[in-house]
file query01.cif (mmCIF, C-alpha atoms)
data_coords
loop_
_atom_site.label_atom_id
_atom_site.label_comp_id
_atom_site.auth_asym_id
_atom_site.auth_seq_id
_atom_site.Cartn_x
_atom_site.Cartn_y
_atom_site.Cartn_z
CA MET U 1 67.23 118.87 53.02
CA LYS U 2 68.87 121.81 54.73
CA VAL U 3 72.55 120.96 54.97
CA LEU U 4 75.49 122.61 56.71
CA VAL U 5 79.01 121.78 55.51
CA LEU U 6 81.92 122.82 57.69
CA GLY U 7 84.71 123.28 55.20
CA GLY U 8 83.56 122.45 51.68
CA THR U 9 86.21 124.35 49.72
CA ARG U 10 88.77 121.60 49.08
CA MET U 11 88.92 118.14 47.55
CA MET U 12 86.15 115.82 48.75
CA GLY U 13 84.42 118.78 50.44
CA LYS U 14 83.95 120.45 47.07
CA HIS U 15 82.70 117.22 45.51
CA LEU U 16 80.32 116.75 48.45
CA VAL U 17 78.83 120.20 47.90
CA ARG U 18 78.45 119.56 44.16
CA ALA U 19 76.68 116.27 44.85
CA LEU U 20 74.37 117.92 47.40
CA LEU U 21 73.48 120.72 45.00
CA SER U 22 72.84 118.20 42.22
CA GLY U 23 70.46 116.45 44.61
CA GLY U 24 68.47 119.65 45.11
CA HIS U 25 69.52 120.28 48.70
CA GLU U 26 69.87 123.69 50.36
CA VAL U 27 73.54 124.05 51.31
CA THR U 28 75.27 126.39 53.73
CA LEU U 29 79.08 126.50 53.85
CA ALA U 30 80.75 127.39 57.14
CA ASN U 31 84.47 128.16 57.13
CA ARG U 32 86.95 130.95 57.74
CA GLY U 33 86.39 132.38 54.27
CA ARG U 34 90.07 132.21 53.35
CA LEU U 35 89.58 129.95 50.34
CA GLY U 36 87.23 130.89 47.55
CA ASP U 37 84.76 128.56 45.87
CA ASP U 38 82.94 128.44 42.57
CA PHE U 39 79.43 127.83 43.91
CA GLY U 40 78.28 131.42 43.54
CA ASP U 41 74.78 132.12 44.79
CA ARG U 42 73.88 128.43 44.86
CA VAL U 43 75.02 128.19 48.49
CA HIS U 44 74.66 130.22 51.66
CA ARG U 45 77.81 131.10 53.62
CA LEU U 46 78.81 131.52 57.24
CA ILE U 47 82.22 132.87 58.21
CA LEU U 48 83.25 130.85 61.26
CA ASP U 49 86.44 129.82 63.01
CA ARG U 50 85.79 126.50 64.69
CA THR U 51 88.53 127.13 67.25
CA ASP U 52 86.54 130.14 68.54
CA GLU U 53 83.63 128.76 70.56
CA PRO U 54 81.91 132.09 71.27
CA ALA U 55 81.92 132.81 67.53
CA LEU U 56 80.53 129.34 66.82
CA LYS U 57 77.75 129.89 69.33
CA GLN U 58 76.85 133.26 67.86
CA GLY U 59 77.09 132.17 64.23
CA LEU U 60 74.96 129.04 64.68
CA SER U 61 72.41 130.55 67.06
CA GLY U 62 68.85 130.18 65.78
CA LYS U 63 69.88 127.97 62.84
CA SER U 64 68.82 124.37 62.36
CA PHE U 65 69.75 121.80 59.74
CA ASP U 66 68.69 118.36 58.70
CA VAL U 67 72.29 117.22 58.21
CA VAL U 68 75.64 118.66 59.27
CA TYR U 69 78.87 117.54 57.60
CA ASP U 70 82.04 118.24 59.54
CA THR U 71 85.14 117.91 57.35
CA LEU U 72 87.33 119.64 59.93
CA ALA U 73 87.15 117.56 63.14
CA TYR U 74 90.78 116.73 63.92
CA CYS U 75 90.72 116.42 67.73
CA SER U 76 88.48 116.09 70.77
CA ASN U 77 88.25 119.83 71.42
CA ASP U 78 87.06 120.41 67.84
CA VAL U 79 84.05 118.26 68.70
CA LYS U 80 83.51 119.67 72.19
CA ARG U 81 83.43 123.28 70.95
CA LEU U 82 81.03 122.62 68.09
CA ILE U 83 78.38 120.05 69.03
CA PRO U 84 76.64 121.97 71.87
CA HIS U 85 75.79 124.73 69.40
CA LEU U 86 74.43 122.55 66.59
CA SER U 87 70.76 121.92 65.95
CA CYS U 88 70.50 119.02 63.50
CA ARG U 89 68.95 115.61 62.94
CA LYS U 90 72.17 113.97 61.76
CA TYR U 91 75.86 114.74 62.09
CA LEU U 92 78.49 113.27 59.76
CA SER U 93 82.14 113.62 60.68
CA ILE U 94 85.06 112.95 58.36
CA SER U 95 87.28 110.55 60.23
CA SER U 96 90.11 108.40 58.90
CA THR U 97 91.29 104.80 58.60
CA ALA U 98 94.25 106.09 60.63
CA VAL U 99 92.13 105.26 63.70
CA TYR U 100 92.93 101.58 63.06
CA GLN U 101 96.01 99.45 63.46
CA LYS U 102 95.60 98.70 59.77
CA HIS U 103 96.06 95.30 58.12
CA TRP U 104 94.46 93.32 55.33
CA ASP U 105 90.66 93.58 55.28
CA THR U 106 90.39 96.20 58.03
CA LYS U 107 86.81 96.41 59.31
CA GLU U 108 84.87 99.03 61.26
CA ALA U 109 84.59 97.01 64.48
CA GLU U 110 88.36 97.15 64.94
CA PHE U 111 88.13 100.64 66.40
CA ASP U 112 85.63 101.14 69.21
CA PRO U 113 85.39 104.81 70.29
CA LEU U 114 83.82 103.69 73.58
CA ALA U 115 86.67 101.38 74.59
CA GLU U 116 89.00 104.03 76.04
CA PRO U 117 88.32 107.38 77.71
CA VAL U 118 88.52 110.70 75.90
CA THR U 119 91.63 112.82 76.21
CA TRP U 120 90.71 116.45 75.68
CA GLY U 121 93.06 118.55 73.62
CA ASP U 122 93.66 120.62 70.51
CA ARG U 123 95.27 119.63 67.22
CA PRO U 124 98.88 120.31 68.28
CA ASP U 125 98.38 117.98 71.27
CA PHE U 126 98.05 114.83 69.15
CA PRO U 127 99.59 113.20 66.09
CA TYR U 128 97.07 112.93 63.26
CA ASP U 129 95.97 109.35 63.96
CA GLU U 130 95.45 109.88 67.69
CA GLY U 131 93.66 113.18 67.07
CA LYS U 132 91.13 111.38 64.87
CA ARG U 133 90.64 108.68 67.51
CA GLN U 134 90.04 111.31 70.16
CA ALA U 135 87.56 113.16 67.93
CA GLU U 136 85.52 109.96 67.53
CA ARG U 137 85.75 109.22 71.27
CA ALA U 138 84.55 112.70 72.12
CA LEU U 139 81.60 112.32 69.77
CA ALA U 140 80.55 108.85 70.94
CA GLN U 141 81.10 109.34 74.67
CA SER U 142 80.20 112.97 75.33
CA PHE U 143 77.30 113.37 72.89
CA PRO U 144 75.61 109.94 72.83
CA GLU U 145 72.22 111.48 72.07
CA LEU U 146 73.40 112.86 68.71
CA PRO U 147 72.72 110.56 65.72
CA TYR U 148 76.07 110.44 63.95
CA THR U 149 78.19 108.79 61.30
CA ALA U 150 82.00 108.86 61.39
CA VAL U 151 83.25 108.22 57.87
CA ARG U 152 86.68 106.58 57.82
CA PHE U 153 88.61 107.22 54.62
CA PRO U 154 92.15 106.16 53.68
CA PHE U 155 94.32 108.61 51.70
CA VAL U 156 92.05 110.82 49.59
CA ILE U 157 93.61 111.63 46.21
CA GLY U 158 92.59 113.23 42.94
CA GLU U 159 93.50 115.95 40.48
CA ASP U 160 92.55 118.46 43.17
CA ASP U 161 94.80 116.95 45.88
CA TYR U 162 96.50 119.95 47.46
CA THR U 163 98.72 117.69 49.60
CA ARG U 164 100.52 116.51 46.43
CA ARG U 165 101.52 113.27 48.13
CA LEU U 166 101.04 110.91 45.19
CA TYR U 167 102.23 113.68 42.88
CA PHE U 168 105.55 113.64 44.79
CA TYR U 169 106.47 110.23 43.32
CA VAL U 170 105.68 111.24 39.76
CA GLU U 171 107.47 114.57 40.01
CA HIS U 172 110.61 113.12 41.56
CA THR U 173 110.80 110.40 38.93
CA LEU U 174 110.36 112.77 36.00
CA LEU U 175 112.84 115.30 37.39
CA GLY U 176 115.41 112.71 38.46
CA LYS U 177 115.25 113.71 42.12
CA ALA U 178 116.22 111.12 44.72
CA MET U 179 113.55 109.66 47.00
CA ASN U 180 113.87 107.87 50.32
CA ILE U 181 111.02 105.30 50.30
CA ASP U 182 110.90 102.92 53.25
CA ASP U 183 108.68 100.17 51.79
CA PRO U 184 107.91 100.47 48.06
CA GLU U 185 106.22 97.05 47.93
CA ALA U 186 103.58 97.70 50.62
CA GLN U 187 100.03 97.54 49.24
CA MET U 188 97.83 100.47 50.27
CA SER U 189 94.23 101.64 49.88
CA PHE U 190 93.04 104.97 48.50
CA VAL U 191 89.78 106.75 47.76
CA SER U 192 89.17 109.26 44.99
CA SER U 193 88.16 112.72 46.17
CA GLU U 194 85.18 112.72 43.79
CA GLU U 195 83.80 109.39 44.99
CA ALA U 196 84.45 110.34 48.62
CA GLY U 197 82.24 113.40 48.12
CA LYS U 198 79.50 111.35 46.47
CA PHE U 199 79.65 108.78 49.27
CA LEU U 200 79.23 111.50 51.88
CA ALA U 201 76.21 112.91 50.06
CA PHE U 202 74.75 109.39 49.88
CA LEU U 203 75.27 108.83 53.61
CA GLY U 204 73.39 112.02 54.42
CA GLU U 205 70.22 110.30 53.25
CA GLN U 206 70.85 107.09 55.20
CA GLU U 207 70.27 106.23 58.84
CA PRO U 208 73.22 107.15 61.09
CA GLN U 209 75.91 104.46 60.91
CA LYS U 210 78.36 105.19 63.77
CA GLY U 211 81.66 104.20 62.09
CA ILE U 212 81.79 103.33 58.39
CA ASN U 213 84.64 102.82 55.93
CA GLY U 214 84.85 104.38 52.50
CA ALA U 215 87.52 103.29 50.00
CA ASN U 216 87.90 102.19 46.41
CA PRO U 217 88.27 98.40 46.19
CA GLY U 218 91.76 97.19 45.40
CA THR U 219 95.21 98.23 46.52
CA ILE U 220 98.40 99.45 44.89
CA SER U 221 102.04 99.68 45.90
CA LEU U 222 104.43 102.54 45.25
CA GLN U 223 106.53 100.11 43.26
CA GLU U 224 103.58 99.65 40.87
CA VAL U 225 103.06 103.42 40.70
CA LEU U 226 106.71 104.02 39.82
CA ARG U 227 106.78 101.17 37.32
CA TYR U 228 103.82 102.70 35.51
CA VAL U 229 105.46 106.13 35.42
CA THR U 230 108.64 104.58 33.99
CA GLU U 231 106.67 102.69 31.32
CA LYS U 232 104.87 105.88 30.30
CA THR U 233 107.85 108.23 30.31
CA GLY U 234 111.05 106.17 30.14
CA LYS U 235 112.25 107.90 33.30
CA GLN U 236 113.73 105.76 36.07
CA PRO U 237 113.12 106.61 39.74
CA VAL U 238 116.17 107.51 41.82
CA PHE U 239 116.38 106.05 45.31
CA GLY U 240 118.71 106.92 48.17
CA SER U 241 118.82 107.14 51.94
CA ASP U 242 119.74 110.81 51.55
CA GLY U 243 116.83 111.46 49.16
CA ASP U 244 113.70 113.44 49.98
CA PRO U 245 111.56 111.54 52.52
CA ALA U 246 108.56 110.10 50.71
CA PRO U 247 105.07 111.12 51.88
CA TYR U 248 103.72 107.62 52.55
CA ASN U 249 106.68 106.45 54.61
CA GLY U 250 105.59 104.64 57.75
CA GLU U 251 102.49 103.09 56.17
CA ARG U 252 102.08 99.38 56.75
CA GLU U 253 100.57 97.06 54.15
CA TYR U 254 96.77 97.01 54.44
CA SER U 255 93.40 97.03 52.74
CA ILE U 256 90.05 98.50 53.82
CA ASN U 257 86.84 96.49 54.00
CA THR U 258 83.81 98.35 52.56
CA GLU U 259 81.13 95.68 52.88
CA LYS U 260 79.10 97.92 55.21
CA ALA U 261 78.90 100.64 52.55
CA GLU U 262 77.98 98.07 49.92
CA ARG U 263 75.15 96.70 52.09
CA LEU U 264 73.72 100.22 52.22
CA GLY U 265 73.74 100.31 48.43
CA PHE U 266 76.85 102.34 47.59
CA SER U 267 79.43 100.88 45.21
CA PHE U 268 82.88 102.38 44.81
CA SER U 269 84.62 101.94 41.48
CA PRO U 270 87.77 99.76 41.41
CA LEU U 271 90.95 101.62 42.28
CA GLN U 272 92.65 100.46 39.10
CA ASP U 273 89.98 102.17 36.96
CA TRP U 274 91.03 105.70 37.90
CA ILE U 275 94.44 105.76 39.57
CA PHE U 276 96.37 105.25 36.34
CA PRO U 277 94.49 108.05 34.54
CA LEU U 278 95.32 110.20 37.58
CA LEU U 279 99.01 109.35 37.14
CA ASP U 280 98.66 110.28 33.46
CA HIS U 281 97.27 113.65 34.56
CA TYR U 282 100.25 114.24 36.84
CA ILE U 283 102.68 113.19 34.12
CA LYS U 284 101.12 115.64 31.67
CA GLU U 285 101.15 118.41 34.28
CA ILE U 286 104.87 117.95 34.98
CA SER U 287 106.07 117.27 31.40
#
call {"tool": "encode", "arguments": {"input": "query01.cif", "output": "structure tokens"}}
result
Amino acid sequence: MKVLVLGGTRMMGKHLVRALLSGGHEVTLANRGRLGDDFGDRVHRLILDRTDEPALKQGLSGKSFDVVYDTLAYCSNDVKRLIPHLSCRKYLSISSTAVYQKHWDTKEAEFDPLAEPVTWGDRPDFPYDEGKRQAERALAQSFPELPYTAVRFPFVIGEDDYTRRLYFYVEHTLLGKAMNIDDPEAQMSFVSSEEAGKFLAFLGEQEPQKGINGANPGTISLQEVLRYVTEKTGKQPVFGSDGDPAPYNGEREYSINTEKAERLGFSFSPLQDWIFPLLDHYIKEIS
């Protein structure tokens, strides 16, 4: 397949590109060119700024792809500027489980992008969760003829996580820095960046799915994370209302249902199989 990846230089985007190349696909990366990659001459490259519609039109003119992956759709205008200039059979957008009012066993049908009208705007106009909702609404309502899949991931983490959100808890514990955590017992879902990339590559060969969840089965609380770090290092976490605000504050307890992905034939590994080795990696990095 001829594949275009918007982004592709960070986290799951890099793992997606690796999986596509391993599958023998012809890959073009489209981004601003500010971050390097290690793909060498195995990929083609387009230098594009998706906020610049004339540049998008010029850069994509005359090009067609079997599949387009958009890892950078954060708002309705991101979709509106891009889609009219794409020629493709399938479009896959990276969405988020933030589109839901999350709870235990959150399923795809709980967010319907057709239920409310689109509000047009740019990234600064919306908080993250509403921006992702508006991106899906723009796609479903304004471009109904385009076969698409919106892939809804929870927090994506891994050794290559540039956000350092999970790392925050390990670092603060090992360095004795105070943390302000609002609900350490809340169970949460995650997905590994590597498996997220593989899932995206898998979906590129499936029929368009509209909305679909992707997450590793199982949940974990920050209390469990911190307990593990203490057991491994002997260091006790420090809590305080005047401590550094913790990255996952504001998250309610929830889990993500992935039965739809499983019916397609994709199985995620259990969360517990890899999150503790990831914590070991962070511990080693900080120690």
call {"tool": "resolve_selection", "arguments": {"input": "query01.cif", "expression": "the PyMOL selection byres ((chain U and resi 223) around 12)", "output": "PyMOL selection string"}}
result
chain U and resi 169-170+173+181-188+219-222+224-230+236-237+239
call {"tool": "residues_around", "arguments": {"input": "query01.cif", "residues": "stretch 7-21 of chain U", "least_positions_apart": "3", "cutoff": "6 Å", "atoms": "all atoms listed in the file", "output": "ChimeraX atom specification"}}
result
/U:24-25,31,37,71,160,193-194,196-198,201
call {"tool": "write_last_selection", "arguments": {"input": "query01.cif", "atoms": "C-alpha atoms", "output": "PDB file, keeping the file's coordinate frame"}}
result
ATOM      1  CA  GLY U  24      68.470 119.650  45.110  1.00  0.00           C
ATOM      2  CA  HIS U  25      69.520 120.280  48.700  1.00  0.00           C
ATOM      3  CA  ASN U  31      84.470 128.160  57.130  1.00  0.00           C
ATOM      4  CA  ASP U  37      84.760 128.560  45.870  1.00  0.00           C
ATOM      5  CA  THR U  71      85.140 117.910  57.350  1.00  0.00           C
ATOM      6  CA  ASP U 160      92.550 118.460  43.170  1.00  0.00           C
ATOM      7  CA  SER U 193      88.160 112.720  46.170  1.00  0.00           C
ATOM      8  CA  GLU U 194      85.180 112.720  43.790  1.00  0.00           C
ATOM      9  CA  ALA U 196      84.450 110.340  48.620  1.00  0.00           C
ATOM     10  CA  GLY U 197      82.240 113.400  48.120  1.00  0.00           C
ATOM     11  CA  LYS U 198      79.500 111.350  46.470  1.00  0.00           C
ATOM     12  CA  ALA U 201      76.210 112.910  50.060  1.00  0.00           C
TER      13      ALA U 201
END
call {"tool": "atom_distance", "arguments": {"input": "query01.cif", "atom1": "atom CA of U:Gly218", "atom2": "atom CA of U:Ile256"}}
result
8.7 Å
call {"tool": "resolve_selection", "arguments": {"input": "query01.cif", "expression": "the PyMOL selection byres ((chain U and resi 98) around 10)", "output": "number ranges by chain"}}
result
U: 95-97, 99-102, 128-133, 152-155, 251
call {"tool": "resolve_selection", "arguments": {"input": "query01.cif", "expression": "the PyMOL selection byres ((chain U and resi 117-121) around 8)", "output": "list in words"}}
result
Cys75, Ser76, Asn77, Leu114, Ala115, Glu116, Asp122, Arg123, Asp125, Phe126, Gln134, Arg137, Ala138 and Gln141 of chain U
call {"tool": "write_last_selection", "arguments": {"input": "query01.cif", "atoms": "C-alpha atoms", "output": "mmCIF file, keeping the file's coordinate frame"}}
result
data_model
loop_
_atom_site.group_PDB
_atom_site.id
_atom_site.type_symbol
_atom_site.label_atom_id
_atom_site.label_comp_id
_atom_site.auth_asym_id
_atom_site.auth_seq_id
_atom_site.Cartn_x
_atom_site.Cartn_y
_atom_site.Cartn_z
ATOM 1 C CA CYS U 75 90.720 116.420 67.730
ATOM 2 C CA SER U 76 88.480 116.090 70.770
ATOM 3 C CA ASN U 77 88.250 119.830 71.420
ATOM 4 C CA LEU U 114 83.820 103.690 73.580
ATOM 5 C CA ALA U 115 86.670 101.380 74.590
ATOM 6 C CA GLU U 116 89.000 104.030 76.040
ATOM 7 C CA ASP U 122 93.660 120.620 70.510
ATOM 8 C CA ARG U 123 95.270 119.630 67.220
ATOM 9 C CA ASP U 125 98.380 117.980 71.270
ATOM 10 C CA PHE U 126 98.050 114.830 69.150
ATOM 11 C CA GLN U 134 90.040 111.310 70.160
ATOM 12 C CA ARG U 137 85.750 109.220 71.270
ATOM 13 C CA ALA U 138 84.550 112.700 72.120
ATOM 14 C CA GLN U 141 81.100 109.340 74.670
#
call {"tool": "closest_residue", "arguments": {"input": "query01.cif", "among": "U:Phe143, U:Phe168, U:Glu259, U:Pro270", "to": "U:Phe190", "atoms": "only C-alpha atoms"}}
result
U:Pro270
call {"tool": "closest_residue", "arguments": {"input": "query01.cif", "among": "U:Ala135, U:Val3, U:Ala140, U:Leu35", "to": "U:Ser87", "atoms": "all atoms listed in the file"}}
result
U:Val3
call {"tool": "residues_around", "arguments": {"input": "query01.cif", "residues": "U:Thr149", "least_positions_apart": "4", "cutoff": "7 Å", "atoms": "all atoms listed in the file", "output": "count of residues only"}}
result
7
call {"tool": "atom_distance", "arguments": {"input": "query01.cif", "atom1": "atom CA of U:Thr106", "atom2": "atom CA of U:Asn257"}}
result
5.4 Å
call {"tool": "atom_distance", "arguments": {"input": "query01.cif", "atom1": "atom CA of U:Gly158", "atom2": "atom CA of U:Arg252"}}
result
21.7 Å
call {"tool": "axis_aligned_box", "arguments": {"input": "query01.cif", "around": "stretch 112-116 of chain U", "padding_each_side": "5 Å", "output": "JSON"}}
result
{"center_x": 86.4, "center_y": 103.0, "center_z": 72.6, "size_x": 15.2, "size_y": 13.7, "size_z": 16.8}
call {"tool": "closest_residue", "arguments": {"input": "query01.cif", "among": "U:Ile47, U:Leu4, U:Ala246, U:Leu271", "to": "U:Ser189", "atoms": "only C-alpha atoms"}}
result
U:Leu271
call {"tool": "residues_around", "arguments": {"input": "query01.cif", "residues": "U:Gly240", "least_positions_apart": "2", "cutoff": "8 Å", "atoms": "all atoms listed in the file", "output": "list in words"}}
result
Ala178, Met179, Asn180, Val238, Asp242 and Gly243 of chain U
call {"tool": "residues_around", "arguments": {"input": "query01.cif", "residues": "U:Leu86", "least_positions_apart": "3", "cutoff": "10 Å", "atoms": "only C-alpha atoms", "output": "JSON, numbers by chain"}}
result
{"U": [4, 56, 57, 60, 61, 62, 63, 64, 65, 68, 82, 83, 89, 91, 146]}
call {"tool": "closest_residue", "arguments": {"input": "query01.cif", "among": "U:Leu166, U:Glu145, U:Val43, U:Pro217", "to": "U:Tyr254", "atoms": "only C-alpha atoms"}}
result
U:Pro217
call {"tool": "closest_residue", "arguments": {"input": "query01.cif", "among": "U:Asp52, U:Gly204, U:Gln58, U:Ile275", "to": "U:Gly23", "atoms": "only C-alpha atoms"}}
result
U:Gly204
call {"tool": "closest_residue", "arguments": {"input": "query01.cif", "among": "U:Ser241, U:Glu136, U:Gly33, U:Ser192", "to": "U:Gln272", "atoms": "only C-alpha atoms"}}
result
U:Ser192
call {"tool": "residues_around", "arguments": {"input": "query01.cif", "residues": "U:Glu53", "least_positions_apart": "5", "cutoff": "10 Å", "atoms": "all atoms listed in the file", "output": "list in words"}}
result
Leu48, Gln58, Gly59, Asp78, Lys80, Arg81, Leu82, Pro84 and His85 of chain U
call {"tool": "decode", "arguments": {"input": "query01.cif", "residues": "stretch 73-127 of chain U", "atoms": "C-alpha atoms", "output": "compact mmCIF listing (two decimals), in the first residue's frame"}}
result
# COMPACT_ATOMS: atom_id res chain seq x y z
CA ALA U 73 -5.90 16.19 14.28
CA TYR U 74 -6.61 18.14 17.47
CA CYS U 75 -9.58 20.31 16.43
CA SER U 76 -12.26 20.83 13.79
CA ASN U 77 -10.20 23.25 11.69
CA ASP U 78 -7.36 20.71 11.51
CA VAL U 79 -9.79 18.41 9.71
CA LYS U 80 -11.41 21.11 7.56
CA ARG U 81 -8.07 22.35 6.22
CA LEU U 82 -6.73 18.91 5.36
CA ILE U 83 -9.47 16.62 4.04
CA PRO U 84 -10.41 18.56 0.85
CA HIS U 85 -6.84 18.14 -0.38
CA LEU U 86 -6.46 14.41 0.31
CA SER U 87 -6.84 11.70 -2.29
CA CYS U 88 -7.09 8.38 -0.46
CA ARG U 89 -9.19 5.25 -0.03
CA LYS U 90 -9.09 5.30 3.78
CA TYR U 91 -8.37 7.91 6.42
CA LEU U 92 -7.38 7.02 9.99
CA SER U 93 -7.39 9.74 12.61
CA ILE U 94 -5.83 9.47 16.06
CA SER U 95 -8.57 10.44 18.46
CA SER U 96 -8.75 9.90 22.21
CA THR U 97 -10.85 8.28 24.93
CA ALA U 98 -11.09 11.87 26.22
CA VAL U 99 -14.12 12.18 23.90
CA TYR U 100 -16.08 10.11 26.45
CA GLN U 101 -17.46 10.78 29.88
CA LYS U 102 -15.36 7.83 30.99
CA HIS U 103 -16.43 5.11 33.41
CA TRP U 104 -15.95 1.37 33.81
CA ASP U 105 -16.18 -0.54 30.52
CA THR U 106 -16.41 2.54 28.28
CA LYS U 107 -17.60 1.54 24.80
CA GLU U 108 -17.44 3.23 21.40
CA ALA U 109 -21.19 3.93 21.12
CA GLU U 110 -20.98 6.31 24.08
CA PHE U 111 -19.69 9.10 21.86
CA ASP U 112 -21.66 9.80 18.70
CA PRO U 113 -19.97 12.44 16.50
CA LEU U 114 -23.28 13.02 14.72
CA ALA U 115 -25.26 13.85 17.86
CA GLU U 116 -24.23 17.50 18.17
CA PRO U 117 -23.23 20.11 15.57
CA VAL U 118 -19.64 20.98 14.76
CA THR U 119 -18.06 24.04 16.31
CA TRP U 120 -15.30 25.29 14.03
CA GLY U 121 -12.12 26.45 15.66
CA ASP U 122 -8.38 26.01 16.14
CA ARG U 123 -6.50 24.25 18.92
CA PRO U 124 -6.38 27.23 21.32
CA ASP U 125 -10.18 27.50 21.08
CA PHE U 126 -10.84 24.20 22.88
CA PRO U 127 -9.57 22.18 25.81
